[in-house]
Amino acid sequence: MGKPETVRTLAAAFLATTLALGSMPEAYGQAAPAPGGGTNTGIATGSGGGLMDTPTPTDYLTRSIVRNINAASAECAAYEPVYRIDCLRQRLLDIARRIPKGKAYDEARQIVQRAAGRLGRIQAANLDAKAPRMRSRGNARMKETKTYTAVRKRNLEKAMEAARQVIEEAQTQLLRASENSEKRASHYRDIAAAVGSTKVLLRSI
């Protein structure tokens, strides 16, 4: 083979390798470490979905979950108290959808999802249909457009108390789940602490 053919062959091989590497999936803008090292290519993007079949918790993924909760809390705190239950409900549901699938985080995802559902029932029972809806400004981690509904002001204190109980129970469930596995203990405790911190939002004044 002559020199021109050799150069063309090497250039084609280099281009193919570059394209293959450039197509690898990413999460939150970077490839996530896999539990056993390297990168996990089963990740979905930060805008929705989660890892499939995640066997072991990782610091990277747990930090992502905690940061999502903290970002949701910061967003909801910016709204009037009457909108905060619905804001927290919708954002916890978004967060649950992003929690990786697989035995590592399944229980955490289910607990967060149940809490969102219970907040939804509180919201529905105390809905103020006449109040204007609040357009979401989004947050640092979740950019989806949302519309939040208000609870009736005369029911706000009662609704907030019920919502706090939901959050407290979710936090307790996460802490209990952490006792079932040494590998996930610290990870679930971190998630529990983040969930518990959202109680500060649920004050009527």
# chains A, B, ... in the order shown; residues from 1 in each chain; ligands from 1
call {"tool": "residues_around", "arguments": {"residues": "A:Ala140", "least_positions_apart": "2", "cutoff": "9 Å", "atoms": "only C-alpha atoms", "output": "count of residues only"}}
result
7
call {"tool": "residues_around", "arguments": {"residues": "A:Ala170", "least_positions_apart": "6", "cutoff": "7 Å", "atoms": "only C-alpha atoms", "output": "list in words"}}
result
Ile111, Val112 and Ala115 of chain A
call {"tool": "closest_residue", "arguments": {"among": "A:Ala150, A:Leu93, A:Cys76, A:Ile99", "to": "A:Gln113", "atoms": "only C-alpha atoms"}}
result
A:Leu93
call {"tool": "atom_distance", "arguments": {"atom1": "atom CA of A:Arg63", "atom2": "atom CA of A:Val166"}}
result
22.9 Å
call {"tool": "select_by_dssp", "arguments": {"residues": "stretch 71-100 of chain A", "states": "helix (DSSP H, G or I)", "output": "list of chain:residue names"}}
result
A:Ala71, A:Ala72, A:Ser73, A:Ala74, A:Glu75, A:Cys76, A:Ala77, A:Pro81, A:Val82, A:Tyr83, A:Arg84, A:Ile85, A:Asp86, A:Cys87, A:Leu88, A:Arg89, A:Gln90, A:Arg91, A:Leu92, A:Leu93, A:Asp94, A:Ile95, A:Ala96, A:Arg97, A:Arg98
call {"tool": "write_last_selection", "arguments": {"atoms": "N, CA, C and O atoms", "output": "CSV table (one decimal), in the first residue's frame"}}
result
chain,number,residue,atom,x,y,z
A,71,ALA,N,-32.3,22.4,45.3
A,71,ALA,CA,-32.7,23.4,44.3
A,71,ALA,C,-34.2,23.6,44.3
A,71,ALA,O,-34.7,24.7,44.1
A,72,ALA,N,-34.9,22.5,44.4
A,72,ALA,CA,-36.4,22.6,44.5
A,72,ALA,C,-36.8,23.4,45.7
A,72,ALA,O,-37.7,24.2,45.7
A,73,SER,N,-36.1,23.1,46.9
A,73,SER,CA,-36.5,23.9,48.1
A,73,SER,C,-36.2,25.4,47.9
A,73,SER,O,-37.0,26.2,48.3
A,74,ALA,N,-35.1,25.7,47.3
A,74,ALA,CA,-34.8,27.1,47.1
A,74,ALA,C,-35.8,27.8,46.2
A,74,ALA,O,-36.2,28.9,46.4
A,75,GLU,N,-36.3,27.0,45.1
A,75,GLU,CA,-37.3,27.6,44.2
A,75,GLU,C,-38.6,27.8,45.0
A,75,GLU,O,-39.2,28.9,44.9
A,76,CYS,N,-39.1,26.8,45.7
A,76,CYS,CA,-40.4,26.9,46.3
A,76,CYS,C,-40.4,28.0,47.4
A,76,CYS,O,-41.4,28.6,47.7
A,77,ALA,N,-39.2,28.2,48.1
A,77,ALA,CA,-39.1,29.2,49.1
A,77,ALA,C,-39.4,30.6,48.5
A,77,ALA,O,-39.7,31.6,49.3
A,81,PRO,N,-46.5,31.4,50.6
A,81,PRO,CA,-46.8,30.1,51.2
A,81,PRO,C,-47.9,29.3,50.6
A,81,PRO,O,-47.9,28.1,50.6
A,82,VAL,N,-48.9,30.0,50.1
A,82,VAL,CA,-50.1,29.3,49.5
A,82,VAL,C,-49.7,28.4,48.3
A,82,VAL,O,-50.5,27.5,48.0
A,83,TYR,N,-48.6,28.7,47.7
A,83,TYR,CA,-48.2,27.9,46.5
A,83,TYR,C,-47.1,26.9,46.8
A,83,TYR,O,-46.8,26.1,45.9
A,84,ARG,N,-46.7,26.8,48.0
A,84,ARG,CA,-45.5,26.0,48.3
A,84,ARG,C,-45.8,24.5,48.3
A,84,ARG,O,-44.9,23.7,48.0
A,85,ILE,N,-47.0,24.1,48.8
A,85,ILE,CA,-47.3,22.7,48.8
A,85,ILE,C,-47.3,22.1,47.4
A,85,ILE,O,-46.7,21.1,47.1
A,86,ASP,N,-47.9,22.8,46.5
A,86,ASP,CA,-48.0,22.4,45.1
A,86,ASP,C,-46.6,22.4,44.4
A,86,ASP,O,-46.2,21.5,43.7
A,87,CYS,N,-45.8,23.4,44.7
A,87,CYS,CA,-44.5,23.5,44.2
A,87,CYS,C,-43.6,22.3,44.7
A,87,CYS,O,-43.0,21.6,43.9
A,88,LEU,N,-43.7,22.1,46.0
A,88,LEU,CA,-42.9,20.9,46.5
A,88,LEU,C,-43.4,19.6,46.0
A,88,LEU,O,-42.6,18.7,45.7
A,89,ARG,N,-44.7,19.5,45.8
A,89,ARG,CA,-45.3,18.3,45.3
A,89,ARG,C,-44.8,18.0,43.9
A,89,ARG,O,-44.3,16.9,43.6
A,90,GLN,N,-44.8,19.0,43.0
A,90,GLN,CA,-44.4,18.8,41.6
A,90,GLN,C,-42.9,18.6,41.5
A,90,GLN,O,-42.5,17.7,40.7
A,91,ARG,N,-42.1,19.3,42.3
A,91,ARG,CA,-40.7,19.1,42.2
A,91,ARG,C,-40.2,17.8,42.8
A,91,ARG,O,-39.3,17.1,42.3
A,92,LEU,N,-40.9,17.3,43.9
A,92,LEU,CA,-40.5,16.0,44.4
A,92,LEU,C,-40.9,14.9,43.4
A,92,LEU,O,-40.1,13.9,43.3
A,93,LEU,N,-42.0,15.1,42.7
A,93,LEU,CA,-42.3,14.1,41.6
A,93,LEU,C,-41.2,14.1,40.5
A,93,LEU,O,-40.8,13.1,40.0
A,94,ASP,N,-40.8,15.3,40.1
A,94,ASP,CA,-39.7,15.4,39.1
A,94,ASP,C,-38.5,14.7,39.6
A,94,ASP,O,-37.8,14.0,38.9
A,95,ILE,N,-38.1,14.9,40.9
A,95,ILE,CA,-36.9,14.3,41.5
A,95,ILE,C,-37.1,12.8,41.5
A,95,ILE,O,-36.1,12.1,41.2
A,96,ALA,N,-38.2,12.3,41.9
A,96,ALA,CA,-38.4,10.9,41.9
A,96,ALA,C,-38.2,10.3,40.5
A,96,ALA,O,-37.6,9.2,40.4
A,97,ARG,N,-38.6,10.9,39.5
A,97,ARG,CA,-38.4,10.4,38.1
A,97,ARG,C,-37.0,10.4,37.7
A,97,ARG,O,-36.6,9.6,36.8
A,98,ARG,N,-36.2,11.2,38.4
A,98,ARG,CA,-34.7,11.3,38.1
A,98,ARG,C,-33.9,10.3,38.9
A,98,ARG,O,-32.7,10.1,38.6
call {"tool": "atom_distance", "arguments": {"atom1": "atom CA of A:Glu144", "atom2": "atom CA of A:Val66"}}
result
18.3 Å
call {"tool": "closest_residue", "arguments": {"among": "A:Leu201, A:Lys146, A:Ala159, A:Gln173", "to": "A:Arg109", "atoms": "only C-alpha atoms"}}
result
A:Gln173
call {"tool": "residues_around", "arguments": {"residues": "A:Pro57", "least_positions_apart": "6", "cutoff": "8 Å", "atoms": "only C-alpha atoms", "output": "JSON, numbers by chain"}}
result
{"A": [35, 104, 105, 183, 184, 187]}
call {"tool": "write_last_selection", "arguments": {"atoms": "N, CA, C and O atoms", "output": "tab-separated table (two decimals), in the first residue's frame"}}
result
chain	number	residue	atom	x	y	z
A	35	PRO	N	-20.59	2.24	39.09
A	35	PRO	CA	-20.28	1.72	40.42
A	35	PRO	C	-18.93	1.02	40.50
A	35	PRO	O	-18.26	1.10	41.51
A	104	ALA	N	-30.29	-0.12	44.16
A	104	ALA	CA	-29.55	0.85	44.97
A	104	ALA	C	-30.45	1.98	45.45
A	104	ALA	O	-30.37	2.40	46.61
A	105	TYR	N	-31.32	2.49	44.58
A	105	TYR	CA	-32.12	3.67	44.91
A	105	TYR	C	-33.63	3.43	44.79
A	105	TYR	O	-34.40	4.37	44.95
A	183	LYS	N	-24.18	-0.69	52.63
A	183	LYS	CA	-23.65	-0.01	51.45
A	183	LYS	C	-24.40	1.29	51.16
A	183	LYS	O	-23.82	2.24	50.64
A	184	ARG	N	-25.70	1.32	51.46
A	184	ARG	CA	-26.46	2.51	51.12
A	184	ARG	C	-26.78	3.39	52.33
A	184	ARG	O	-27.44	4.42	52.18
A	187	HIS	N	-25.76	7.07	52.11
A	187	HIS	CA	-26.43	7.69	50.98
A	187	HIS	C	-27.89	8.02	51.32
A	187	HIS	O	-28.37	9.12	51.03
call {"tool": "atom_distance", "arguments": {"atom1": "atom CA of A:Ala78", "atom2": "atom CA of A:Asp59"}}
result
28.9 Å
call {"tool": "residues_around", "arguments": {"residues": "A:Lys130", "least_positions_apart": "3", "cutoff": "12 Å", "atoms": "only C-alpha atoms", "output": "ChimeraX atom specification"}}
result
/A:126-127,133,149-153
